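**Q** Got upload_22.cif for you, mmCIF, C-alpha atoms and all ligand atoms:
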```
data_query
#
loop_
_atom_site.label_atom_id
_atom_site.label_comp_id
_atom_site.auth_asym_id
_atom_site.auth_seq_id
_atom_site.Cartn_x
_atom_site.Cartn_y
_atom_site.Cartn_z
CA MET A 10 16.08 1.69 -14.81
CA ASN A 11 18.25 -1.21 -15.81
CA GLU A 12 18.32 -4.03 -13.33
CA GLY A 13 21.60 -4.19 -11.46
CA SER A 14 22.46 -0.58 -12.30
CA PHE A 15 22.51 0.45 -8.67
CA VAL A 16 24.63 -1.18 -6.01
CA THR A 17 24.62 -0.25 -2.36
CA PRO A 18 25.37 -2.37 0.71
CA PHE A 19 21.71 -2.00 1.70
CA ALA A 20 20.46 -3.19 -1.67
CA GLU A 21 22.91 -6.07 -1.74
CA ARG A 22 22.04 -7.17 1.76
CA PHE A 23 18.35 -7.40 0.89
CA GLN A 24 18.87 -8.72 -2.64
CA MET A 25 17.03 -5.73 -4.11
CA ARG A 26 16.81 -5.38 -7.88
CA VAL A 27 15.01 -2.01 -7.77
CA PRO A 28 15.87 0.86 -5.40
CA VAL A 29 12.47 1.08 -3.77
CA VAL A 30 11.55 0.58 -0.15
CA GLN A 31 7.76 0.61 -0.02
CA ALA A 32 6.36 3.11 2.48
CA PRO A 33 4.75 1.63 5.58
CA MET A 34 1.30 3.20 5.88
CA ALA A 35 -0.61 2.67 9.11
CA GLY A 36 -4.34 2.33 8.57
CA GLY A 37 -4.51 -0.79 6.48
CA ALA A 38 -2.97 0.08 3.12
CA THR A 39 0.10 -2.12 3.57
CA THR A 40 -1.59 -5.48 3.34
CA PRO A 41 0.51 -8.67 3.40
CA ALA A 42 -0.27 -9.02 -0.31
CA LEU A 43 1.22 -5.57 -1.04
CA VAL A 44 4.28 -6.10 1.13
CA ALA A 45 5.00 -9.49 -0.44
CA ALA A 46 4.36 -8.20 -3.96
CA VAL A 47 6.90 -5.39 -3.51
CA SER A 48 9.53 -7.77 -2.11
CA ASN A 49 8.82 -10.32 -4.84
CA ALA A 50 9.25 -7.56 -7.44
CA GLY A 51 12.76 -6.83 -6.15
CA GLY A 52 12.02 -3.94 -3.78
CA LEU A 53 11.64 -4.11 -0.02
CA GLY A 54 8.06 -4.36 1.22
CA PHE A 55 7.20 -2.83 4.61
CA LEU A 56 4.29 -3.69 6.87
CA ALA A 57 2.95 -0.79 8.96
CA GLY A 58 2.59 -2.42 12.34
CA ALA A 59 2.00 0.69 14.44
CA ALA A 60 -1.78 0.49 14.69
CA LEU A 61 -1.91 -3.29 14.95
CA ALA A 62 -2.27 -5.33 18.13
CA PRO A 63 0.72 -7.61 18.71
CA GLU A 64 -1.19 -10.75 17.72
CA LYS A 65 -2.32 -9.04 14.50
CA ILE A 66 1.30 -8.18 13.68
CA ALA A 67 2.14 -11.86 14.13
CA SER A 68 -0.66 -13.02 11.83
CA GLU A 69 0.22 -10.41 9.17
CA VAL A 70 3.88 -11.44 9.25
CA ALA A 71 2.84 -15.07 8.87
CA ALA A 72 0.72 -14.07 5.88
CA ILE A 73 3.66 -12.22 4.31
CA ARG A 74 5.91 -15.22 4.84
CA ALA A 75 3.36 -17.44 3.12
CA LEU A 76 3.57 -15.17 0.05
CA THR A 77 7.29 -14.52 -0.20
CA ASP A 78 10.61 -15.89 0.97
CA ARG A 79 12.28 -12.55 0.31
CA PRO A 80 13.22 -9.97 2.97
CA PHE A 81 10.60 -7.46 4.19
CA GLY A 82 10.24 -4.96 7.02
CA VAL A 83 7.85 -4.12 9.83
CA ASN A 84 7.53 -0.53 11.04
CA LEU A 85 6.43 0.64 14.50
CA PHE A 86 5.84 3.98 16.22
CA VAL A 87 8.05 4.44 19.30
CA LEU A 88 5.39 5.80 21.65
CA ASP A 89 4.90 5.93 25.40
CA PRO A 90 1.53 4.63 26.60
CA VAL A 91 -1.17 7.33 26.46
CA SER A 92 -4.11 7.69 28.82
CA PRO A 93 -5.54 11.22 28.40
CA ASP A 94 -7.88 12.50 31.12
CA GLN A 95 -11.54 13.07 30.34
CA ALA A 96 -11.17 16.85 30.05
CA THR A 97 -8.46 16.48 27.41
CA VAL A 98 -10.56 14.02 25.43
CA ARG A 99 -13.60 16.34 25.69
CA ARG A 100 -11.58 19.29 24.35
CA ALA A 101 -10.38 17.20 21.41
CA LEU A 102 -13.89 15.99 20.59
CA ASP A 103 -15.30 19.53 20.89
CA ALA A 104 -12.67 20.76 18.44
CA ILE A 105 -13.44 18.05 15.89
CA ASP A 106 -17.23 17.82 16.21
CA PRO A 107 -17.94 20.91 14.01
CA LEU A 108 -15.97 19.26 11.21
CA ARG A 109 -17.90 16.02 11.71
CA ALA A 110 -21.16 17.99 11.59
CA ASP A 111 -20.10 19.58 8.28
CA LEU A 112 -19.68 16.07 6.92
CA GLY A 113 -23.04 14.93 8.28
CA LEU A 114 -21.41 12.71 10.91
CA PRO A 115 -22.67 12.32 14.50
CA PRO A 116 -20.56 13.75 17.38
CA GLY A 117 -17.42 11.77 18.14
CA GLN A 118 -17.14 9.42 21.10
CA PRO A 119 -14.19 8.77 23.43
CA LEU A 120 -12.17 5.79 22.26
CA ALA A 121 -12.12 2.59 24.28
CA ARG A 122 -8.34 2.44 23.80
CA TYR A 123 -5.61 4.44 22.09
CA ALA A 124 -2.41 3.17 20.48
CA PRO A 125 -1.47 -0.49 21.02
CA ASP A 126 1.24 -1.01 23.62
CA PHE A 127 4.59 -0.36 21.98
CA ARG A 128 6.57 -2.63 24.29
CA ALA A 129 4.28 -5.56 23.50
CA GLN A 130 4.60 -4.84 19.77
CA LEU A 131 8.39 -4.75 20.07
CA GLU A 132 8.44 -8.09 21.87
CA VAL A 133 6.49 -9.64 18.98
CA LEU A 134 8.96 -8.26 16.44
CA ILE A 135 11.81 -9.81 18.41
CA GLU A 136 10.00 -13.17 18.66
CA LEU A 137 9.22 -13.16 14.93
CA HIS A 138 12.83 -12.48 13.81
CA VAL A 139 11.62 -9.99 11.17
CA PRO A 140 14.31 -9.23 8.58
CA VAL A 141 14.02 -5.42 8.94
CA ALA A 142 12.58 -3.54 11.93
CA GLY A 143 11.82 0.15 11.25
CA PHE A 144 10.89 2.84 13.76
CA THR A 145 9.57 6.38 13.73
CA PHE A 146 8.42 9.06 16.25
CA GLY A 147 11.12 8.16 18.75
CA LEU A 148 14.36 6.40 19.58
CA LEU A 149 15.06 2.90 20.82
CA SER A 150 17.53 2.25 23.60
CA ALA A 151 20.81 0.56 22.70
CA ALA A 152 19.60 -2.45 24.69
CA ASP A 153 16.47 -2.78 22.55
CA VAL A 154 18.50 -2.42 19.34
CA GLU A 155 20.84 -5.12 20.62
CA ARG A 156 17.90 -7.44 21.31
CA LEU A 157 16.63 -6.90 17.76
CA HIS A 158 20.09 -7.61 16.39
CA ALA A 159 20.31 -10.77 18.46
CA SER A 160 17.04 -11.93 16.94
CA GLY A 161 18.43 -11.31 13.45
CA SER A 162 16.73 -8.01 12.59
CA TYR A 163 18.31 -5.14 10.71
CA VAL A 164 17.30 -1.92 12.51
CA VAL A 165 16.26 1.28 10.74
CA GLY A 166 15.43 4.54 12.56
CA THR A 167 13.82 7.70 11.23
CA ALA A 168 15.64 11.04 11.44
CA THR A 169 14.47 14.52 10.46
CA HIS A 170 17.81 16.17 11.28
CA VAL A 171 21.41 15.25 11.97
CA ALA A 172 21.17 15.02 15.78
CA GLU A 173 18.46 12.39 15.43
CA GLY A 174 20.54 10.43 12.93
CA ILE A 175 23.50 10.47 15.32
CA ALA A 176 21.23 9.38 18.18
CA TRP A 177 20.10 6.37 16.11
CA ARG A 178 23.68 5.56 15.13
CA ASP A 179 24.76 5.72 18.77
CA ALA A 180 21.90 3.42 19.72
CA GLY A 181 23.28 0.91 17.21
CA ALA A 182 20.88 1.32 14.27
CA ASP A 183 22.01 -0.15 10.95
CA ALA A 184 20.47 2.52 8.71
CA VAL A 185 18.53 5.77 8.89
CA VAL A 186 15.44 6.96 7.01
CA ALA A 187 15.82 10.64 6.13
CA GLN A 188 12.37 12.22 6.47
CA GLY A 189 12.71 15.40 4.47
CA ALA A 190 10.48 18.44 4.87
CA GLU A 191 8.56 17.48 1.72
CA ALA A 192 7.53 14.06 3.00
CA GLY A 193 3.83 13.54 3.46
CA ALA A 194 2.22 12.34 6.69
CA HIS A 195 3.30 13.05 10.25
CA ARG A 196 6.68 14.47 11.21
CA GLY A 197 8.85 11.97 13.02
CA THR A 198 10.84 14.62 14.91
CA PHE A 199 11.78 13.47 18.40
CA ILE A 200 14.60 15.90 19.31
CA GLY A 201 13.48 19.54 19.36
CA ALA A 202 10.46 21.07 17.65
CA PHE A 203 9.38 19.78 14.26
CA GLU A 204 9.17 23.38 12.99
CA ASP A 205 12.95 23.58 13.47
CA ALA A 206 13.53 20.34 11.57
CA LEU A 207 12.03 21.07 8.16
CA ILE A 208 15.11 20.25 6.10
CA GLY A 209 14.62 19.42 2.44
CA THR A 210 15.39 15.83 1.50
CA MET A 211 18.12 16.75 -0.97
CA ALA A 212 20.03 18.52 1.82
CA LEU A 213 19.15 16.09 4.61
CA VAL A 214 20.32 12.90 2.88
CA PRO A 215 23.98 13.93 2.40
CA GLN A 216 24.04 15.50 5.86
CA LEU A 217 22.97 12.20 7.40
CA VAL A 218 25.37 10.20 5.24
CA ASP A 219 28.28 12.39 6.34
CA ALA A 220 27.28 12.56 10.01
CA THR A 221 26.37 8.92 10.59
CA GLY A 222 28.30 6.88 8.02
CA LEU A 223 25.20 4.69 7.81
CA PRO A 224 23.09 3.79 4.78
CA VAL A 225 20.41 6.48 4.37
CA LEU A 226 16.99 5.90 2.83
CA ALA A 227 15.37 9.04 1.41
CA ARG A 228 11.73 9.66 2.13
CA PRO A 229 10.64 12.23 -0.41
CA ALA A 230 7.92 10.43 -2.35
CA ALA A 231 5.24 7.79 -1.98
CA SER A 232 7.97 5.27 -1.47
CA TRP A 233 11.21 5.22 0.43
CA THR A 234 13.93 5.22 -2.16
CA VAL A 235 17.31 3.70 -1.51
CA ALA A 236 18.95 7.01 -2.12
CA ALA A 237 22.36 6.98 -0.66
CA SER A 238 24.69 4.89 1.28
CA SER A 239 27.68 5.16 3.50
CA ARG A 240 31.19 5.93 2.43
CA HIS A 241 31.73 2.19 2.06
CA SER A 242 29.87 2.37 -1.22
CA PRO A 243 31.39 4.86 -3.64
CA SER A 244 29.02 3.66 -6.34
CA ALA A 245 25.92 4.66 -4.35
CA ARG A 246 23.50 6.87 -6.20
CA LYS A 247 22.34 10.23 -4.99
CA PRO A 248 18.56 10.79 -4.96
CA ARG A 249 17.00 11.90 -8.17
C1 LIG B 1 -1.77 7.03 5.14
C2 LIG B 1 -0.31 7.08 5.53
C3 LIG B 1 0.12 6.32 6.59
C4 LIG B 1 1.47 6.33 6.95
N1 LIG B 1 1.89 5.54 7.98
C5 LIG B 1 3.21 5.49 8.29
C6 LIG B 1 3.68 4.57 9.26
O1 LIG B 1 2.95 3.78 9.84
N2 LIG B 1 5.01 4.58 9.55
C7 LIG B 1 5.89 5.42 8.92
O2 LIG B 1 7.08 5.39 9.24
N3 LIG B 1 5.45 6.27 7.96
C8 LIG B 1 4.15 6.31 7.64
N4 LIG B 1 3.72 7.14 6.64
C9 LIG B 1 4.72 7.91 5.90
C10 LIG B 1 5.11 7.15 4.64
O3 LIG B 1 5.81 5.98 5.01
C11 LIG B 1 6.01 7.96 3.69
O4 LIG B 1 7.29 8.00 4.20
C12 LIG B 1 5.56 9.36 3.58
O5 LIG B 1 4.24 9.33 3.14
C13 LIG B 1 6.47 10.16 2.64
O6 LIG B 1 6.18 9.94 1.32
P1 LIG B 1 5.19 10.93 0.49
O7 LIG B 1 5.66 12.31 0.73
O8 LIG B 1 5.31 10.50 -0.91
O9 LIG B 1 3.80 10.69 1.05
C14 LIG B 1 2.38 7.14 6.26
C15 LIG B 1 1.93 7.90 5.17
C16 LIG B 1 0.62 7.87 4.81
C17 LIG B 1 0.18 8.68 3.62
#
```
Once more with this new file: its structure as structure tokens, please.

**A**
Amino acid sequence: MNEGSFVTPFAERFQMRVPVVQAPMAGGATTPALVAAVSNAGGLGFLAGAALAPEKIASEVAAIRALTDRPFGVNLFVLDPVSPDQATVRRALDAIDPLRADLGLPPGQPLARYAPDFRAQLEVLIELHVPVAGFTFGLLSAADVERLHASGSYVVGTATHVAEGIAWRDAGADAVVAQGAEAGAHRGTFIGAFEDALIGTMALVPQLVDATGLPVLARPAASWTVAASSRHSPSARKPR
């Protein structure tokens, strides 16, 4: 596409030359080098912080900042602390062990710890003043969104249906990621059952634009595309 051929408030705010928000991918794919390269290329790079300890998030953000002076995001999972009892862990291992055996792997072992503490991760994001803070699997309180705003972050929540988008708007989010039914990876549904929230991206994006009035990022492909924007931007493109 021609540079400058799309204009949305979101793109302008983050000085984007191409309408691509790089997908955060927990598990190590979104290295600081990748995040910085995407931002330097005119998109918006996104670090997946969900699986990282707070101090690791801080060192990765420092590494990104050493590679770019452009805006970037950090994404977290909004999760309550988990501490499953031994019987639950045993059932899970028993269910998975046959698959491990098929692959020639030894039986699985209980983990020493599960997800990093979300509250501690959030505190690090606030301390680091990250340009964009993105969230999935849950909803932040208005107080937490306000704290992020006070630290200078733009806040993006994930919605799989309209009620979730409205919940994010009411909490004070600046934009919403529309996770359509076609999107790969886990479902971010946090209101109702995910089976009831399998709305195709092409339908979900305009629904969220109309219901929230916020910029909406479509999540139909390997990247988050800046697909639509609020009514303040009549020139916003619809997703292709
Ligand atoms: C390996 C992997 C890890 C992912 N981790 C995250 C994550 O940490 N946070 C998030 O919001 N989405 C995560 N996603 C979802 C992606 O950000 C993306 O929105 C999703 O894959 C939809 O695009 P696709 O259908 O082209 O895969 C992950 C996806 C993959 C494949």

**Q** At most 9 Å is the cut-off: for each residue in chain A with any atom that close to an atom of ligand LIG 1 (chain B), write down the nearest atom pair and the distance in Å rounded to one decimal, counting all atoms listed in the file, chain first then increasing number, as a Markdown table.

**A**
```
| residue | atom | partner | partner_atom | distance |
| --- | --- | --- | --- | --- |
| A:Gln31 | CA | B:LIG1 | O3 | 7.6 |
| A:Ala32 | CA | B:LIG1 | O3 | 3.9 |
| A:Pro33 | CA | B:LIG1 | O3 | 4.5 |
| A:Met34 | CA | B:LIG1 | N1 | 3.2 |
| A:Ala35 | CA | B:LIG1 | O1 | 3.8 |
| A:Gly36 | CA | B:LIG1 | C3 | 6.3 |
| A:Gly37 | CA | B:LIG1 | C1 | 8.4 |
| A:Ala38 | CA | B:LIG1 | C1 | 7.3 |
| A:Thr39 | CA | B:LIG1 | C3 | 9.0 |
| A:Phe55 | CA | B:LIG1 | O3 | 8.9 |
| A:Leu56 | CA | B:LIG1 | O1 | 8.1 |
| A:Ala57 | CA | B:LIG1 | O1 | 4.7 |
| A:Gly58 | CA | B:LIG1 | O1 | 6.7 |
| A:Ala59 | CA | B:LIG1 | O1 | 5.6 |
| A:Ala60 | CA | B:LIG1 | O1 | 7.5 |
| A:Asn84 | CA | B:LIG1 | N2 | 5.9 |
| A:Leu85 | CA | B:LIG1 | N2 | 6.5 |
| A:Phe86 | CA | B:LIG1 | N2 | 6.7 |
| A:Gly143 | CA | B:LIG1 | O2 | 7.3 |
| A:Phe144 | CA | B:LIG1 | O2 | 6.4 |
| A:Thr145 | CA | B:LIG1 | O2 | 5.2 |
| A:Phe146 | CA | B:LIG1 | O2 | 8.0 |
| A:Thr167 | CA | B:LIG1 | O2 | 7.4 |
| A:Val186 | CA | B:LIG1 | O4 | 8.7 |
| A:Gln188 | CA | B:LIG1 | O4 | 7.0 |
| A:Gly189 | CA | B:LIG1 | C13 | 8.4 |
| A:Ala190 | CA | B:LIG1 | O7 | 8.8 |
| A:Glu191 | CA | B:LIG1 | O7 | 6.0 |
| A:Ala192 | CA | B:LIG1 | O7 | 3.4 |
| A:Gly193 | CA | B:LIG1 | O7 | 3.5 |
| A:Ala194 | CA | B:LIG1 | C15 | 4.7 |
| A:His195 | CA | B:LIG1 | C9 | 6.9 |
| A:Arg196 | CA | B:LIG1 | C9 | 8.7 |
| A:Gly197 | CA | B:LIG1 | O2 | 7.8 |
| A:Ala227 | CA | B:LIG1 | O4 | 8.6 |
| A:Arg228 | CA | B:LIG1 | O4 | 5.2 |
| A:Pro229 | CA | B:LIG1 | O7 | 5.1 |
| A:Ala230 | CA | B:LIG1 | O8 | 3.0 |
| A:Ala231 | CA | B:LIG1 | O8 | 2.9 |
| A:Ser232 | CA | B:LIG1 | O6 | 5.7 |
| A:Trp233 | CA | B:LIG1 | O4 | 6.1 |
```

**Q** May I have the residues from that selection written out with C-alpha atoms, as a PDB file, in the coordinates of the input?

**A**
```pdb
ATOM      1  CA  GLN A  31       7.760   0.610  -0.020  1.00  0.00           C
ATOM      2  CA  ALA A  32       6.360   3.110   2.480  1.00  0.00           C
ATOM      3  CA  PRO A  33       4.750   1.630   5.580  1.00  0.00           C
ATOM      4  CA  MET A  34       1.300   3.200   5.880  1.00  0.00           C
ATOM      5  CA  ALA A  35      -0.610   2.670   9.110  1.00  0.00           C
ATOM      6  CA  GLY A  36      -4.340   2.330   8.570  1.00  0.00           C
ATOM      7  CA  GLY A  37      -4.510  -0.790   6.480  1.00  0.00           C
ATOM      8  CA  ALA A  38      -2.970   0.080   3.120  1.00  0.00           C
ATOM      9  CA  THR A  39       0.100  -2.120   3.570  1.00  0.00           C
ATOM     10  CA  PHE A  55       7.200  -2.830   4.610  1.00  0.00           C
ATOM     11  CA  LEU A  56       4.290  -3.690   6.870  1.00  0.00           C
ATOM     12  CA  ALA A  57       2.950  -0.790   8.960  1.00  0.00           C
ATOM     13  CA  GLY A  58       2.590  -2.420  12.340  1.00  0.00           C
ATOM     14  CA  ALA A  59       2.000   0.690  14.440  1.00  0.00           C
ATOM     15  CA  ALA A  60      -1.780   0.490  14.690  1.00  0.00           C
ATOM     16  CA  ASN A  84       7.530  -0.530  11.040  1.00  0.00           C
ATOM     17  CA  LEU A  85       6.430   0.640  14.500  1.00  0.00           C
ATOM     18  CA  PHE A  86       5.840   3.980  16.220  1.00  0.00           C
ATOM     19  CA  GLY A 143      11.820   0.150  11.250  1.00  0.00           C
ATOM     20  CA  PHE A 144      10.890   2.840  13.760  1.00  0.00           C
ATOM     21  CA  THR A 145       9.570   6.380  13.730  1.00  0.00           C
ATOM     22  CA  PHE A 146       8.420   9.060  16.250  1.00  0.00           C
ATOM     23  CA  THR A 167      13.820   7.700  11.230  1.00  0.00           C
ATOM     24  CA  VAL A 186      15.440   6.960   7.010  1.00  0.00           C
ATOM     25  CA  GLN A 188      12.370  12.220   6.470  1.00  0.00           C
ATOM     26  CA  GLY A 189      12.710  15.400   4.470  1.00  0.00           C
ATOM     27  CA  ALA A 190      10.480  18.440   4.870  1.00  0.00           C
ATOM     28  CA  GLU A 191       8.560  17.480   1.720  1.00  0.00           C
ATOM     29  CA  ALA A 192       7.530  14.060   3.000  1.00  0.00           C
ATOM     30  CA  GLY A 193       3.830  13.540   3.460  1.00  0.00           C
ATOM     31  CA  ALA A 194       2.220  12.340   6.690  1.00  0.00           C
ATOM     32  CA  HIS A 195       3.300  13.050  10.250  1.00  0.00           C
ATOM     33  CA  ARG A 196       6.680  14.470  11.210  1.00  0.00           C
ATOM     34  CA  GLY A 197       8.850  11.970  13.020  1.00  0.00           C
ATOM     35  CA  ALA A 227      15.370   9.040   1.410  1.00  0.00           C
ATOM     36  CA  ARG A 228      11.730   9.660   2.130  1.00  0.00           C
ATOM     37  CA  PRO A 229      10.640  12.230  -0.410  1.00  0.00           C
ATOM     38  CA  ALA A 230       7.920  10.430  -2.350  1.00  0.00           C
ATOM     39  CA  ALA A 231       5.240   7.790  -1.980  1.00  0.00           C
ATOM     40  CA  SER A 232       7.970   5.270  -1.470  1.00  0.00           C
ATOM     41  CA  TRP A 233      11.210   5.220   0.430  1.00  0.00           C
TER      42      TRP A 233
END
```

**Q** Please put the answer as JSON: centre and edge lengths, in Å with one decimal, of a box along x, y and z that encloses all listed atoms of range 210-228 of chain A plus 6 Å on each side.

**A**
```
{"center_x": 20.0, "center_y": 11.2, "center_z": 4.8, "size_x": 28.6, "size_y": 26.7, "size_z": 23.6}
```

**Q** Can you work out the spacing between CA of Thr97 in chain A and CA of Thr169 in chain A in Å, to one decimal?

**A** 28.6 Å

**Q** Hey, what's within 8 Å of Gly54 in chain A if we count all atoms listed in the file and toss same-chain stuff fewer than 6 positions away? As a ChimeraX atom specification, please?

**A** /A:30-32,43-48,80-82

**Q** Just want the 8 Å neighbourhood of Gln130 in chain A, counted on all atoms listed in the file, with same-chain residues fewer than 6 positions away dropped. Output as a ChimeraX atom specification.

**A** /A:62-63,66,85

**Q** Quote the spacing between CA of Gly209 in chain A and CA of Val171 in chain A in Å to one decimal place.

**A** 12.4 Å

**Q** Pick the closest to Pro125 in chain A from A:Leu61, A:Val141, A:Val154, A:Ile175: which is it, counting only C-alpha atoms?

**A** A:Leu61

**Q** What gap, in Å, lies between CA of Pro107 in chain A and CA of Pro119 in chain A?

**A**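 Interatomic distance, CA of Pro107 in chain A to CA of Pro119 in chain A: 15.8 Å.
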
**Q** Give the answer as one residue: which of A:Val139, A:Ala172, A:Thr198, A:Gly51 has the shortest atom-to-atom distance to Leu217 in chain A, using only C-alpha atoms?

**A**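 Of the candidates, the smallest distance to Leu217 in chain A is held by A:Ala172.
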
**Q** Rank nothing, just name the residue among A:Asp153, A:Thr40, A:Ala206, A:Asp111 nearest to Leu131 in chain A, using only C-alpha atoms.

**A**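 Using only C-alpha atoms, the shortest distance to Leu131 in chain A belongs to A:Asp153.
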
**Q** Which protein, DNA or RNA residues have an atom at most 8 Å from (15.5, -12.9, 14.6), counting only C-alpha atoms? List them as a short mmCIF file (atom, residue, chain, number, x, y, z; two decimals) with C-alpha atoms, in the frame of the given file.

**A**
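Dumped to out-v1.cif:
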```
data_model
loop_
_atom_site.label_atom_id
_atom_site.label_comp_id
_atom_site.auth_asym_id
_atom_site.auth_seq_id
_atom_site.Cartn_x
_atom_site.Cartn_y
_atom_site.Cartn_z
CA ILE A 135 11.81 -9.81 18.41
CA GLU A 136 10.00 -13.17 18.66
CA LEU A 137 9.22 -13.16 14.93
CA HIS A 138 12.83 -12.48 13.81
CA VAL A 139 11.62 -9.99 11.17
CA PRO A 140 14.31 -9.23 8.58
CA LEU A 157 16.63 -6.90 17.76
CA HIS A 158 20.09 -7.61 16.39
CA ALA A 159 20.31 -10.77 18.46
CA SER A 160 17.04 -11.93 16.94
CA GLY A 161 18.43 -11.31 13.45
CA SER A 162 16.73 -8.01 12.59
#
```

**Q** Using only C-alpha atoms, find the one residue out of A:Asp183, A:Asp219, A:Asp94, A:Asp205 that sits nearest to Pro18 in chain A.

**A**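 Between A:Asp183, A:Asp219, A:Asp94, A:Asp205, the residue approaching Pro18 in chain A most closely is A:Asp183.
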